[in-house]
Each structure stands twice: as C-alpha cells, then as structure tokens.
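Reviewing the structure listed below.
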Amino acid sequence: NSMLNYYQRMIVNYNASFDGGKHTLNVLGGEELRYTNRTYASNQGFGYQWDRGGVAFLDPDLLKQQIESGLSYYSMEEEFDRFVAFFATAGYSYNGTYVFNATGRYDGSNRLGKSRSARWLPTWNVSAKWNISNEHFMESTEWIDQLSLRGSYGLTASMNSSASASAKFVNENTKRPYGNEIESVITLEALENSELTWEKGHVLNLGIDIGLFNRRLDVIFDYWRRNSFDLIASLKNSAIGGTLYKYANYADMESRGYDLAIGITPIRTKNWNWKSNLTLGYTTTKITNSKNMPSIYNMINASGGNREGYPVGSLFSIQYKGLEHDTGVPLFINESGVIANSVYFQSTNLDYLKYEGPIDPEYTGGWSNTFRWQDLSLNVFLTFQAGNKIRLAPAFKTSYSELDAMSSVFFDRWMQPGDEKYTNVPSIVDVLTADGFKSKYPYNSYNYSTERVAKGDFIRLKTISLTYKVPKHYLQRTKVLSDVSLTVAGSNLWLIYADKKLNGQ
C-alpha cells in the first residue's frame with residue numbers, strides 16, 4: 001500500500017468589538033485543498049522458494065485451477081481523491097443577549113459525476129440565539145439562572161460511498177453446469193452516471209436551555225426536522241446499456257425527532273452530593289419517494305429493507321397461518337395471497353407481508369446517578385431503548401444432525417395431530433415428508449415469519465463504578481503527586497428488562 005498526499009488549508013479571521021463591548025463581530029473565511037493518490041498492489045507468488053534463493057517453482061495447472069475458481073493472481077488498484085472547499089462564517093452579538101450566525105460553504109469533489117453541477121455544491125446555515133436571562137426584566141427573577149432560545153436552518157450535504165459515478169466493471173466466473181467449464185469474465189456491474197451528485201437535506205433545529213435554582217436543575221431541549229432529497233437509490237430501468245438497475249439521485253426522505261437532557265442536583269453540601277442526569281432521544285424517519293422495487297427477502301431479513309411510505313430499515317414478516325394437521329408443517333400467506341407451506345422470496349409483490357416496525361430504536365436514553373460522600377463517590381448508569389423490532393436468529397431447518405445445537409423452543413414443537421391447537425412451533429419432520437418439499441422450504445419461511453420477531457426494548461445496568469479520591473494533604477507529602485484516584489468498575493452487569501422471546505440473543 002502506498003499513498004501520496006498533499007493537504008493545504010488557509011484561514012483568515014477578523015474579530016472586533018464596538019461601543020464598550022456591546023457589539024461584537026467575528027468573521028472567518030478560508031479554503032481547503034486535498035490531493036491524495038492511493039495505490040494497492042498484491043501478488044499471490046505461488047511457488048516462490050524462500051529458502052532456495054527465491055527460485056520460483058510454478059505448476060501451470062495450479063495457476064489454471066486458481067484462476068478458474070476466481071482467484072486474482074495479482075491485482076492493482078488506484079484511487080485518486082481531489083477535494084476543494086471554500087468557506088466563510090460571520091457572527092454578531094449584541095450585549096451577549098442577541099446572537100446571530102451565518103455560514104456558507106462551496107465544496108467540490110472528483111468522487112461525484114463529471115459534470116460541474118454534480119461535483120460542486122454550495123451549502124449554508126443561519127442561526128440565532130436569544131439569551132432571555134440577560135434581559136433587564138429578568139433581573140428580579142433570581143431563581144432563573146439561565147434561559148435562552150435557539151434556532152437554526154440550513155442546507156447540508158454528504159457523499160454516499162455506496163454508489164459510483166463511473167462505470168464499474170468486475171471480474172467474475174461464468175455460470176456453467178460443470179466445474180471444469182468455468183471461465184473468468186469481465187462483466188458490467190454499474191453504468192456510468194455523470195450526473196451523480198451530493199445527497200442533500202434542509203435541516204431545522206429549535207432549542208431551549210434552562211437553568212434554575214442556582215443550577216440545581218438544568219434542562220436542554222432540542223427539536224429537529226430534516227427534509228432530505230437527491231438521495232441515492234437504485235432505480236429499475238429498461239436495461240439498455242447492460243444493467244437492469246441504476247443508482248441515481250432521486251429518493252426523498254423525512255426525519256424528525258427531539259433530544260431532552262435533564263440534570264438535577266437534589267443534594268449539594270460540602271460532604272454530601274447527589275447529581276442525577278437523564279437523557280432521552282426520539283427519532284423517526286419516513287421514505288417519501290423511492291422506486292427501488294425490493295424483493296420479499298430484502299424486507300424480511302434481519303437488517304430490514306427500504307420501501308416508500310415506511311421508515312428506513314423497516315422489518316417485514318411473512319404472515320404465519322398455523323400448522324398442518326397431519327405433519328405439523330407451517331403454513332403462510334404466500335406472494336400470491338394464498339395459504340401455502342412456502343413463499344417465493346425473490347418475488348417483488350410485498351402486499352401480503354406484515355409490517356413489524358423499524359430495526360433502529362425510536363427511543364434511546366440513559367439515566368446516570370452520582371452519589372458522593374467526602375472523597376468517595378458511586379456512579380450508577382442505566383441505558384434503555386424502545387420502539388424497534390428484532391428478527392430472531394434462524395433455528396429451523398429441513399434436516400438436523402447430532403452436530404446441531406438445538407434451541408429450547410423445540411421443547412414446545414408439534415409432535416402429533418392435534419398439537420396445532422396448543423403450539424405454533426412446527427414439527428421436526430421425517431425424511432419422507434422432507435423429501436416432498438423438493439425446492440420449497442417451509443421451515444426457512446418460518447424463520448422469517450411473524451412468529452420469529454421480538455421487541456428490541458431493553459433496560460440495562462450499563463456501569464457501576466466506585467471511586468476514591470486520595471485527599472490532598474496525603475499527596476502533599478510526596479511533593480510529586482497532585483491528584484490520585486482509585487476506581488473499581490463493572491460493565492453490563494444486569495439486563496433488567498428485555499423481550500423473553502429473545503432468549504439470550
């Protein structure tokens with residue numbers, strides 16, 4: 001691996017104050033340039049005799065076998081990164097009460113399409129803050145230490161590393177019925193898109209900061225909303241050019257949420273102190289425009305999928321409809337809306353899937369408590385999340401051996417006709433029944449059914465730590481040490497709550 005890199009940055013800053021410091025102005029401008037060349041080279045070097053003077057003993061049949069199995073005997077990759085940015089910001093404050101800021105950037109990168117409109121993009125942000133506690137009418141309100149309102153709005157952008165503006169050619173093996181007929185070929189994976197550009201979003205943020213009762217109570221609240229557009233997603237086309245799907249900037253998404261932080265100090269004396277901090281965040285997303293046409297498998301696997309009208313990373317399930325009376329084989333609503341013992345995972349008809357929820361939690365947070373007595377302090381930290389769904393790990397197959405570690409859920413499996421009234425766990429079928437499945441695997445469908453989903457909510461005792469701070473008068477005798485503390489801590493000691501269906505997953 002080798003890299004040649006040049007980096008240059010220039011900043012000009014101007015600060016000024018007027019009228020005895022009532023008016024302050026801060027202006028900054030600059031530019032940034034990055035030039036990077038990376039080279040990756042590799043060589044398998046078969047037959048190199050390290051202990052015999054480096055003489056190469058190479059068998060042509062070995063090389064032929066390796067190449068036909070997809071081996072890259074040697075490879076060379078080059079990456080050229082060119083990035084330029086110009087930026088400026090200006091801030092004005094009046095008496096520390098009214099604060100205004102404006103920022104602008106102009107970025108260019110060769111990682112995007114060749115057209116100028118694709119490679120270059122201006123972004124901006126404006127914000128303001130009102131420190132109400134600095135107003136004259138607040139002087140008589142002694143119990144309010146801080147009160148301020150904040151707001152900002154701007155255009156942000158980012159590069160999507162999963163898509164390429166250039167045509168992508170990759171090496172792969174031909175699909176042949178026999179192993180001795182396999183050949184290496186170069187195939188087109190993605191068409192060139194000279195217009196591929198930045199993913200963008202307009203972001204609104206509103207916030208309030210409160211400090212009360214000599215800072216015994218602090219509250220910070222933020223509400224944000226983002227309207228994203230020009231998101232990169234796959235788009236099905238006519239296949240002219242060689243590929244059926246193409247990445248393009250066309251998808252849109254809405255997201256919003258809030259963040260809340262509360263700090264309370266119920267006890268604050270010389271020897272005793274108790275401080276409690278609670279944080280809570282809420283995030284939700286919705287894809288408002290996407291024509292990616294996912295398959296059933298894209299939507300039911302553990303990582304979730306993306307579909308218009310639903311959150312990013314949505315988890316869907318095949319609808320379970322009971323067990324067969326004679327065999328205990330599971331039944332489902334298939335891709336055609338018919339009750340059957342199997343589902344075609346490659347179908348793009350998603351009408352009969354059940355939406356379970358997002359795989360990412362909507363609510364996240366933590367609660368920290370610190371208790372101090374003189375030089376001894378104890379910290380207890382809890383974390384929690386809620387609002388997401390988890391696909392249970394696959395446990396059911398068409399056949400099992402003594403090498404399989406069986407799940408305890410098999411204790412509740414169907415064993416004889418009539419058990420379907422009392423359990424939803426399918427049977428372990430006999431060989432004859434399994435042979436009748438042929439290419440249809442009802443047990444694989446069961447793994448991705450509504451029966452194999454759990455809630456992702458949990459409350460966890462994340463850490464406990466006990467700290468002793470050695471008193472200063474002991475350290476003064478050493479004439480070397482100024483501060484020493486001893487801590488014992490434990491992490492992930494107790495999962496207080498989680499869905500029992502997870503069973504340790």
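Residues in the structure tokens are numbered from 1 in each chain, the chains being A, B, ... in the order shown, and ligands are numbered from 1 in the order shown.
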Which residues, written as a PDB file with N, CA and C atoms, in the first residue's frame, have at least one atom at most 10 Å from A:Lys114, with only C-alpha atoms counted and residues fewer than 3 positions away on the same chain left out?
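This went into around-v6.pdb:
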ATOM      1  N   SER A 109     -15.716  17.818  -5.379  1.00  0.00           N
ATOM      2  CA  SER A 109     -15.049  16.532  -5.216  1.00  0.00           C
ATOM      3  C   SER A 109     -15.108  15.746  -6.514  1.00  0.00           C
ATOM      4  N   ASN A 110     -14.015  15.028  -6.821  1.00  0.00           N
ATOM      5  CA  ASN A 110     -14.000  14.193  -8.022  1.00  0.00           C
ATOM      6  C   ASN A 110     -14.676  12.844  -7.790  1.00  0.00           C
ATOM      7  N   ARG A 111     -15.155  12.571  -6.579  1.00  0.00           N
ATOM      8  CA  ARG A 111     -15.837  11.302  -6.305  1.00  0.00           C
ATOM      9  C   ARG A 111     -17.233  11.270  -6.913  1.00  0.00           C
ATOM     10  N   SER A 117     -22.151  20.674 -12.367  1.00  0.00           N
ATOM     11  CA  SER A 117     -23.305  20.779 -11.468  1.00  0.00           C
ATOM     12  C   SER A 117     -23.346  19.629 -10.478  1.00  0.00           C
ATOM     13  N   ALA A 118     -22.707  18.502 -10.811  1.00  0.00           N
ATOM     14  CA  ALA A 118     -22.700  17.352  -9.911  1.00  0.00           C
ATOM     15  C   ALA A 118     -21.576  17.440  -8.897  1.00  0.00           C
ATOM     16  N   ARG A 119     -20.412  17.922  -9.321  1.00  0.00           N
ATOM     17  CA  ARG A 119     -19.237  17.898  -8.449  1.00  0.00           C
ATOM     18  C   ARG A 119     -19.210  19.041  -7.443  1.00  0.00           C
ATOM     19  N   ALA A 165     -19.987   7.123  -9.592  1.00  0.00           N
ATOM     20  CA  ALA A 165     -20.386   7.858 -10.787  1.00  0.00           C
ATOM     21  C   ALA A 165     -19.793   7.243 -12.041  1.00  0.00           C
ATOM     22  N   SER A 166     -18.710   6.489 -11.890  1.00  0.00           N
ATOM     23  CA  SER A 166     -18.060   5.860 -13.040  1.00  0.00           C
ATOM     24  C   SER A 166     -18.668   4.491 -13.317  1.00  0.00           C
ATOM     25  N   GLU A 192     -22.212   4.162 -16.027  1.00  0.00           N
ATOM     26  CA  GLU A 192     -21.717   5.486 -15.642  1.00  0.00           C
ATOM     27  C   GLU A 192     -22.897   6.431 -15.417  1.00  0.00           C
ATOM     28  N   ASN A 193     -22.778   7.293 -14.430  1.00  0.00           N
ATOM     29  CA  ASN A 193     -23.782   8.322 -14.169  1.00  0.00           C
ATOM     30  C   ASN A 193     -23.047   9.637 -13.954  1.00  0.00           C
ATOM     31  N   SER A 194     -22.892  10.406 -15.021  1.00  0.00           N
ATOM     32  CA  SER A 194     -22.133  11.655 -14.949  1.00  0.00           C
ATOM     33  C   SER A 194     -22.835  12.715 -14.119  1.00  0.00           C
ATOM     34  N   GLU A 195     -24.135  12.509 -13.830  1.00  0.00           N
ATOM     35  CA  GLU A 195     -24.895  13.496 -13.056  1.00  0.00           C
ATOM     36  C   GLU A 195     -25.009  13.120 -11.578  1.00  0.00           C
ATOM     37  N   LEU A 196     -24.368  12.025 -11.150  1.00  0.00           N
ATOM     38  CA  LEU A 196     -24.448  11.613  -9.746  1.00  0.00           C
ATOM     39  C   LEU A 196     -23.867  12.704  -8.857  1.00  0.00           C
ATOM     40  N   THR A 197     -24.628  13.172  -7.886  1.00  0.00           N
ATOM     41  CA  THR A 197     -24.219  14.337  -7.113  1.00  0.00           C
ATOM     42  C   THR A 197     -24.461  14.114  -5.623  1.00  0.00           C
TER      43      THR A 197
END
### Message
List the spatial neighbours of A:Asn503 as a list in words - criterion: any atom at most 12 Å away, only C-alpha atoms, same-chain residues fewer than 4 positions off excluded.
### Response
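Listed by chain and then number, they are Leu392, Ala393, Ser407, Ser408, Val409, Arg452, Val453, Ala454, Lys455, Tyr497, Ala498 and Asp499 of chain A.
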### Message
Taking only C-alpha atoms into account, name the residue in A:Ser303, A:Ile67, A:Trp224, A:His473 that is nearest to A:Asn173.
### Response
A:Ile67
Each stretch 389-445 of chain A residue no farther than 7 Å from stretch 310-331 of chain A, nearest pair in Å, only C-alpha atoms, as a Markdown table:
| residue | atom | partner | partner_atom | distance |
| --- | --- | --- | --- | --- |
| A:Trp414 | CA | A:Gly328 | CA | 5.6 |
| A:Pro417 | CA | A:His325 | CA | 5.3 |
| A:Gly418 | CA | A:His325 | CA | 6.5 |
| A:Glu420 | CA | A:Leu323 | CA | 5.7 |
| A:Asn424 | CA | A:Gly322 | CA | 6.5 |
| A:Pro426 | CA | A:Gly328 | CA | 5.3 |
| A:Ser427 | CA | A:Gly328 | CA | 5.0 |
| A:Pro442 | CA | A:Pro330 | CA | 6.4 |
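In terms of minimum interatomic distance to A:Leu278, A:Thr364 ranks closest within A:Asn160, A:Ser75, A:Thr364, A:Asn180, counting only C-alpha atoms.
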### Separation of atom CA of A:Arg105 from atom CA of A:Ala85 in Å
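Interatomic distance, atom CA of A:Ala85 to atom CA of A:Arg105: 6.9 Å.
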### Query
How would you write, as a PyMOL selection string, the set of residues in stretch 164-401 of chain A that DSSP gives as strand (DSSP E)?
chain A and resi 168-173+184-190+199-212+217-236+245-268+272-289+314-318+320-323+330-333+339-340+353-358+363-373+376-386+389-391
### Message
So the first atom is atom CA of A:Gly263 and the second is atom CA of A:Leu217; what is the distance between them in Å, to one decimal place?
### Response
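Interatomic distance here is 5.7 Å.
For stretch 39-161 of chain A, a DSSP pass over the backbone yields alpha helix (DSSP H) at Pro60, Asp61, Leu62, Leu63, Lys64, Gln65, Gln66, Ile67, Glu68, Arg116, Ser117, Ala118 and Arg119 of chain A.
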With all heavy atoms retained, could you export that selection as a tab-separated table (two decimals), in the first residue's frame?
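As written to disk, selection_1.tsv reads:
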chain	number	residue	atom	x	y	z
A	60	PRO	N	1.79	-24.88	-13.95
A	60	PRO	CA	0.75	-24.20	-14.75
A	60	PRO	C	-0.67	-24.69	-14.42
A	60	PRO	O	-1.62	-23.91	-14.47
A	60	PRO	CB	1.14	-24.53	-16.19
A	60	PRO	CG	2.60	-24.86	-16.13
A	60	PRO	CD	2.81	-25.51	-14.81
A	61	ASP	N	-0.81	-25.98	-14.10
A	61	ASP	CA	-2.14	-26.49	-13.78
A	61	ASP	C	-2.69	-25.84	-12.51
A	61	ASP	O	-3.90	-25.62	-12.39
A	61	ASP	CB	-2.09	-28.01	-13.62
A	61	ASP	CG	-1.83	-28.71	-14.94
A	61	ASP	OD1	-2.17	-28.11	-15.98
A	61	ASP	OD2	-1.30	-29.84	-14.92
A	62	LEU	N	-1.80	-25.56	-11.54
A	62	LEU	CA	-2.24	-24.90	-10.31
A	62	LEU	C	-2.77	-23.50	-10.63
A	62	LEU	O	-3.83	-23.09	-10.15
A	62	LEU	CB	-1.08	-24.81	-9.32
A	62	LEU	CG	-1.34	-23.93	-8.08
A	62	LEU	CD1	-2.45	-24.50	-7.22
A	62	LEU	CD2	-0.07	-23.77	-7.25
A	63	LEU	N	-2.03	-22.78	-11.46
A	63	LEU	CA	-2.45	-21.42	-11.83
A	63	LEU	C	-3.77	-21.44	-12.57
A	63	LEU	O	-4.66	-20.62	-12.32
A	63	LEU	CB	-1.36	-20.77	-12.69
A	63	LEU	CG	-1.47	-19.25	-12.88
A	63	LEU	CD1	-1.42	-18.53	-11.56
A	63	LEU	CD2	-0.37	-18.75	-13.80
A	64	LYS	N	-3.93	-22.40	-13.48
A	64	LYS	CA	-5.18	-22.52	-14.23
A	64	LYS	C	-6.35	-22.81	-13.29
A	64	LYS	O	-7.43	-22.21	-13.40
A	64	LYS	CB	-5.04	-23.64	-15.27
A	64	LYS	CG	-6.29	-23.88	-16.12
A	64	LYS	CD	-6.02	-24.96	-17.16
A	64	LYS	CE	-7.23	-25.18	-18.06
A	64	LYS	NZ	-8.38	-25.72	-17.33
A	65	GLN	N	-6.13	-23.72	-12.34
A	65	GLN	CA	-7.20	-24.08	-11.40
A	65	GLN	C	-7.58	-22.89	-10.53
A	65	GLN	O	-8.76	-22.63	-10.27
A	65	GLN	CB	-6.74	-25.26	-10.54
A	65	GLN	CG	-7.79	-25.77	-9.57
A	65	GLN	CD	-7.66	-25.16	-8.19
A	65	GLN	OE1	-6.61	-24.67	-7.82
A	65	GLN	NE2	-8.75	-25.18	-7.45
A	66	GLN	N	-6.59	-22.12	-10.08
A	66	GLN	CA	-6.86	-20.98	-9.21
A	66	GLN	C	-7.60	-19.87	-9.96
A	66	GLN	O	-8.53	-19.26	-9.43
A	66	GLN	CB	-5.55	-20.44	-8.63
A	66	GLN	CG	-4.85	-21.38	-7.66
A	66	GLN	CD	-5.62	-21.51	-6.35
A	66	GLN	OE1	-6.16	-20.54	-5.85
A	66	GLN	NE2	-5.68	-22.71	-5.82
A	67	ILE	N	-7.19	-19.61	-11.19
A	67	ILE	CA	-7.84	-18.55	-11.97
A	67	ILE	C	-9.29	-18.90	-12.27
A	67	ILE	O	-10.20	-18.07	-12.16
A	67	ILE	CB	-7.05	-18.30	-13.27
A	67	ILE	CG1	-5.69	-17.67	-12.94
A	67	ILE	CG2	-7.83	-17.40	-14.22
A	67	ILE	CD1	-4.79	-17.49	-14.15
A	68	GLU	N	-9.54	-20.18	-12.61
A	68	GLU	CA	-10.90	-20.58	-12.94
A	68	GLU	C	-11.80	-20.62	-11.71
A	68	GLU	O	-13.03	-20.63	-11.83
A	68	GLU	CB	-10.87	-21.96	-13.62
A	68	GLU	CG	-10.26	-21.91	-15.02
A	68	GLU	CD	-10.20	-23.28	-15.66
A	68	GLU	OE1	-10.51	-24.27	-14.97
A	68	GLU	OE2	-9.87	-23.36	-16.86
A	116	ARG	N	-20.06	19.71	-13.90
A	116	ARG	CA	-19.79	20.70	-12.85
A	116	ARG	C	-20.94	20.81	-11.86
A	116	ARG	O	-20.72	21.00	-10.67
A	116	ARG	CB	-19.53	22.06	-13.50
A	116	ARG	CG	-18.21	22.14	-14.25
A	116	ARG	CD	-17.91	23.58	-14.66
A	116	ARG	NE	-16.60	23.68	-15.29
A	116	ARG	CZ	-16.06	24.84	-15.66
A	116	ARG	NH1	-16.73	25.97	-15.47
A	116	ARG	NH2	-14.86	24.86	-16.22
A	117	SER	N	-22.15	20.67	-12.37
A	117	SER	CA	-23.31	20.78	-11.47
A	117	SER	C	-23.35	19.63	-10.48
A	117	SER	O	-23.94	19.74	-9.40
A	117	SER	CB	-24.60	20.81	-12.28
A	117	SER	OG	-24.74	19.62	-13.04
A	118	ALA	N	-22.71	18.50	-10.81
A	118	ALA	CA	-22.70	17.35	-9.91
A	118	ALA	C	-21.58	17.44	-8.90
A	118	ALA	O	-21.74	17.07	-7.74
A	118	ALA	CB	-22.57	16.06	-10.73
A	119	ARG	N	-20.41	17.92	-9.32
A	119	ARG	CA	-19.24	17.90	-8.45
A	119	ARG	C	-19.21	19.04	-7.44
A	119	ARG	O	-18.60	18.92	-6.39
A	119	ARG	CB	-17.96	17.94	-9.30
A	119	ARG	CG	-17.74	16.66	-10.08
A	119	ARG	CD	-16.35	16.59	-10.67
A	119	ARG	NE	-16.05	15.24	-11.14
A	119	ARG	CZ	-14.86	14.85	-11.57
A	119	ARG	NH1	-13.86	15.71	-11.58
A	119	ARG	NH2	-14.67	13.61	-11.97
### Task
Could you jot down the atom CA of A:Pro361 to atom CA of A:Gly456 separation for me, Å, one decimal place?
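Rounded to one decimal, the two atoms are 7.4 Å apart.
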Nearby residues (only C-alpha atoms) at most 12 Å from A:Asn125, same-chain spacing under 3 positions excluded, as a PDB file with N, CA, C and O atoms, in the first residue's frame:
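Below you can see result11.pdb, which holds the result:
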ATOM      1  N   PHE A  87     -14.991  28.337   2.382  1.00  0.00           N
ATOM      2  CA  PHE A  87     -15.960  28.506   3.457  1.00  0.00           C
ATOM      3  C   PHE A  87     -15.818  29.879   4.089  1.00  0.00           C
ATOM      4  O   PHE A  87     -14.752  30.503   4.058  1.00  0.00           O
ATOM      5  N   ALA A  88     -16.923  30.343   4.664  1.00  0.00           N
ATOM      6  CA  ALA A  88     -16.950  31.642   5.347  1.00  0.00           C
ATOM      7  C   ALA A  88     -18.028  31.602   6.413  1.00  0.00           C
ATOM      8  O   ALA A  88     -19.071  30.953   6.247  1.00  0.00           O
ATOM      9  N   THR A  89     -17.778  32.288   7.512  1.00  0.00           N
ATOM     10  CA  THR A  89     -18.768  32.386   8.583  1.00  0.00           C
ATOM     11  C   THR A  89     -18.689  33.768   9.213  1.00  0.00           C
ATOM     12  O   THR A  89     -17.614  34.381   9.274  1.00  0.00           O
ATOM     13  N   ALA A  90     -19.830  34.259   9.659  1.00  0.00           N
ATOM     14  CA  ALA A  90     -19.897  35.564  10.306  1.00  0.00           C
ATOM     15  C   ALA A  90     -20.819  35.471  11.509  1.00  0.00           C
ATOM     16  O   ALA A  90     -21.893  34.864  11.433  1.00  0.00           O
ATOM     17  N   GLY A  91     -20.386  36.055  12.627  1.00  0.00           N
ATOM     18  CA  GLY A  91     -21.190  36.048  13.840  1.00  0.00           C
ATOM     19  C   GLY A  91     -21.279  37.438  14.449  1.00  0.00           C
ATOM     20  O   GLY A  91     -20.281  38.173  14.498  1.00  0.00           O
ATOM     21  N   PHE A 100     -26.338  36.183  16.400  1.00  0.00           N
ATOM     22  CA  PHE A 100     -26.687  35.768  15.052  1.00  0.00           C
ATOM     23  C   PHE A 100     -25.444  35.191  14.370  1.00  0.00           C
ATOM     24  O   PHE A 100     -24.334  35.723  14.520  1.00  0.00           O
ATOM     25  N   ASN A 101     -25.632  34.116  13.619  1.00  0.00           N
ATOM     26  CA  ASN A 101     -24.525  33.480  12.899  1.00  0.00           C
ATOM     27  C   ASN A 101     -24.987  33.071  11.511  1.00  0.00           C
ATOM     28  O   ASN A 101     -26.139  32.681  11.317  1.00  0.00           O
ATOM     29  N   ALA A 102     -24.072  33.148  10.563  1.00  0.00           N
ATOM     30  CA  ALA A 102     -24.339  32.693   9.197  1.00  0.00           C
ATOM     31  C   ALA A 102     -23.082  32.000   8.671  1.00  0.00           C
ATOM     32  O   ALA A 102     -21.965  32.476   8.899  1.00  0.00           O
ATOM     33  N   THR A 103     -23.283  30.878   7.987  1.00  0.00           N
ATOM     34  CA  THR A 103     -22.172  30.087   7.468  1.00  0.00           C
ATOM     35  C   THR A 103     -22.465  29.666   6.045  1.00  0.00           C
ATOM     36  O   THR A 103     -23.613  29.338   5.713  1.00  0.00           O
ATOM     37  N   GLY A 104     -21.439  29.670   5.209  1.00  0.00           N
ATOM     38  CA  GLY A 104     -21.577  29.214   3.840  1.00  0.00           C
ATOM     39  C   GLY A 104     -20.359  28.409   3.414  1.00  0.00           C
ATOM     40  O   GLY A 104     -19.239  28.692   3.857  1.00  0.00           O
ATOM     41  N   ARG A 105     -20.594  27.380   2.600  1.00  0.00           N
ATOM     42  CA  ARG A 105     -19.507  26.551   2.077  1.00  0.00           C
ATOM     43  C   ARG A 105     -19.745  26.287   0.597  1.00  0.00           C
ATOM     44  O   ARG A 105     -20.888  26.273   0.131  1.00  0.00           O
ATOM     45  N   PRO A 122     -22.971  24.423  -3.200  1.00  0.00           N
ATOM     46  CA  PRO A 122     -22.945  25.373  -2.074  1.00  0.00           C
ATOM     47  C   PRO A 122     -23.893  24.921  -0.968  1.00  0.00           C
ATOM     48  O   PRO A 122     -25.005  24.450  -1.237  1.00  0.00           O
ATOM     49  N   ALA A 128     -29.678  31.706  15.218  1.00  0.00           N
ATOM     50  CA  ALA A 128     -29.849  32.838  16.145  1.00  0.00           C
ATOM     51  C   ALA A 128     -30.107  32.299  17.543  1.00  0.00           C
ATOM     52  O   ALA A 128     -30.631  31.186  17.715  1.00  0.00           O
ATOM     53  N   GLY A 151     -32.314  28.682  17.505  1.00  0.00           N
ATOM     54  CA  GLY A 151     -32.912  28.202  16.268  1.00  0.00           C
ATOM     55  C   GLY A 151     -31.912  28.256  15.129  1.00  0.00           C
ATOM     56  O   GLY A 151     -31.052  29.147  15.096  1.00  0.00           O
ATOM     57  N   SER A 152     -31.998  27.295  14.221  1.00  0.00           N
ATOM     58  CA  SER A 152     -31.113  27.293  13.051  1.00  0.00           C
ATOM     59  C   SER A 152     -31.823  26.619  11.892  1.00  0.00           C
ATOM     60  O   SER A 152     -32.714  25.792  12.076  1.00  0.00           O
ATOM     61  N   TYR A 153     -31.393  26.995  10.694  1.00  0.00           N
ATOM     62  CA  TYR A 153     -31.946  26.400   9.482  1.00  0.00           C
ATOM     63  C   TYR A 153     -30.865  26.442   8.411  1.00  0.00           C
ATOM     64  O   TYR A 153     -30.129  27.434   8.295  1.00  0.00           O
ATOM     65  N   GLY A 154     -30.755  25.352   7.645  1.00  0.00           N
ATOM     66  CA  GLY A 154     -29.712  25.349   6.634  1.00  0.00           C
ATOM     67  C   GLY A 154     -29.824  24.180   5.680  1.00  0.00           C
ATOM     68  O   GLY A 154     -30.693  23.307   5.809  1.00  0.00           O
ATOM     69  N   LEU A 155     -28.921  24.174   4.723  1.00  0.00           N
ATOM     70  CA  LEU A 155     -28.808  23.116   3.734  1.00  0.00           C
ATOM     71  C   LEU A 155     -27.529  22.347   3.999  1.00  0.00           C
ATOM     72  O   LEU A 155     -26.443  22.930   4.019  1.00  0.00           O
ATOM     73  N   THR A 156     -27.654  21.038   4.215  1.00  0.00           N
ATOM     74  CA  THR A 156     -26.492  20.184   4.440  1.00  0.00           C
ATOM     75  C   THR A 156     -26.358  19.211   3.273  1.00  0.00           C
ATOM     76  O   THR A 156     -27.306  18.988   2.510  1.00  0.00           O
ATOM     77  N   ALA A 157     -25.177  18.592   3.162  1.00  0.00           N
ATOM     78  CA  ALA A 157     -24.940  17.646   2.068  1.00  0.00           C
ATOM     79  C   ALA A 157     -23.906  16.628   2.511  1.00  0.00           C
ATOM     80  O   ALA A 157     -23.098  16.868   3.400  1.00  0.00           O
ATOM     81  N   GLY A 201     -30.102  17.919   2.190  1.00  0.00           N
ATOM     82  CA  GLY A 201     -31.205  17.986   3.152  1.00  0.00           C
ATOM     83  C   GLY A 201     -31.318  19.357   3.779  1.00  0.00           C
ATOM     84  O   GLY A 201     -30.309  19.994   4.099  1.00  0.00           O
ATOM     85  N   HIS A 202     -32.548  19.834   3.939  1.00  0.00           N
ATOM     86  CA  HIS A 202     -32.815  21.060   4.684  1.00  0.00           C
ATOM     87  C   HIS A 202     -33.112  20.679   6.139  1.00  0.00           C
ATOM     88  O   HIS A 202     -33.968  19.825   6.394  1.00  0.00           O
ATOM     89  N   VAL A 203     -32.398  21.300   7.055  1.00  0.00           N
ATOM     90  CA  VAL A 203     -32.484  20.928   8.464  1.00  0.00           C
ATOM     91  C   VAL A 203     -32.933  22.128   9.294  1.00  0.00           C
ATOM     92  O   VAL A 203     -32.353  23.213   9.216  1.00  0.00           O
ATOM     93  N   LEU A 204     -33.977  21.905  10.098  1.00  0.00           N
ATOM     94  CA  LEU A 204     -34.471  22.908  11.044  1.00  0.00           C
ATOM     95  C   LEU A 204     -34.213  22.405  12.455  1.00  0.00           C
ATOM     96  O   LEU A 204     -34.470  21.238  12.764  1.00  0.00           O
ATOM     97  N   ASN A 205     -33.676  23.282  13.315  1.00  0.00           N
ATOM     98  CA  ASN A 205     -33.420  22.925  14.704  1.00  0.00           C
ATOM     99  C   ASN A 205     -33.898  24.054  15.610  1.00  0.00           C
ATOM    100  O   ASN A 205     -33.546  25.218  15.398  1.00  0.00           O
TER     101      ASN A 205
END
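Shortest atom-to-atom contact with A:Ser184 among A:Leu71, A:Ile287, A:Asn273, A:Asn227: A:Leu71, counting only C-alpha atoms.
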### Non-local contacts of A:Leu432 (12 Å; only C-alpha atoms; under 3 positions in same chain excluded) as number ranges by chain
A: 327, 398-399, 428-429, 435-438
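The shortest atom-to-atom distance to A:Val126, with only C-alpha atoms taken into account, belongs to A:Tyr92 out of A:Gly305, A:Asp107, A:Gln476, A:Tyr92.
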#### Entry: Of the listed residues A:Asn306, A:Thr174, A:Thr284, A:Asn444, that which approaches A:Ser234 most closely, counting only C-alpha atoms
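Ranked by minimum distance to A:Ser234, first place goes to A:Asn306.
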### Task
For A:Leu486, list every protein, DNA or RNA residue within 8 Å, evaluated using only C-alpha atoms, and leave out those in the same chain fewer than 2 positions away; present the list as a ChimeraX atom specification.
/A:467-470,484,488
8 Å contact set for stretch 368-370 of chain A, only C-alpha atoms, chain neighbours under 3 positions out, as an mmCIF file with C-alpha atoms, in the first residue's frame:
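Printed below is result18.cif as written:
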data_model
loop_
_atom_site.group_PDB
_atom_site.id
_atom_site.type_symbol
_atom_site.label_atom_id
_atom_site.label_comp_id
_atom_site.auth_asym_id
_atom_site.auth_seq_id
_atom_site.Cartn_x
_atom_site.Cartn_y
_atom_site.Cartn_z
ATOM 1 C CA ASN A 273 -23.580 15.426 46.891
ATOM 2 C CA TRP A 274 -26.115 13.712 44.649
ATOM 3 C CA LYS A 275 -26.364 14.520 40.955
ATOM 4 C CA SER A 276 -28.776 12.872 38.538
ATOM 5 C CA ASN A 277 -28.770 13.189 34.724
ATOM 6 C CA LEU A 278 -31.453 11.865 32.378
ATOM 7 C CA SER A 377 -18.214 8.607 45.010
ATOM 8 C CA LEU A 378 -20.529 5.999 43.486
ATOM 9 C CA ASN A 379 -21.873 6.192 39.922
ATOM 10 C CA VAL A 380 -24.771 4.071 38.619
ATOM 11 C CA PHE A 381 -25.600 4.331 34.910
ATOM 12 C CA LEU A 382 -28.670 2.797 33.198
#
I'd like a table as CSV: residues in stretch 411-467 of chain A with an atom no more than 8 Å from stretch 332-347 of chain A, each row giving the shortest atom pair and its distance in Å to one decimal, only C-alpha atoms counted, sorted by chain and rising residue number.
residue,atom,partner,partner_atom,distance
A:Lys440,CA,A:Ser342,CA,5.9
A:Tyr441,CA,A:Ser342,CA,6.1
A:Pro442,CA,A:Ser342,CA,4.7
A:Ser445,CA,A:Ser342,CA,6.3
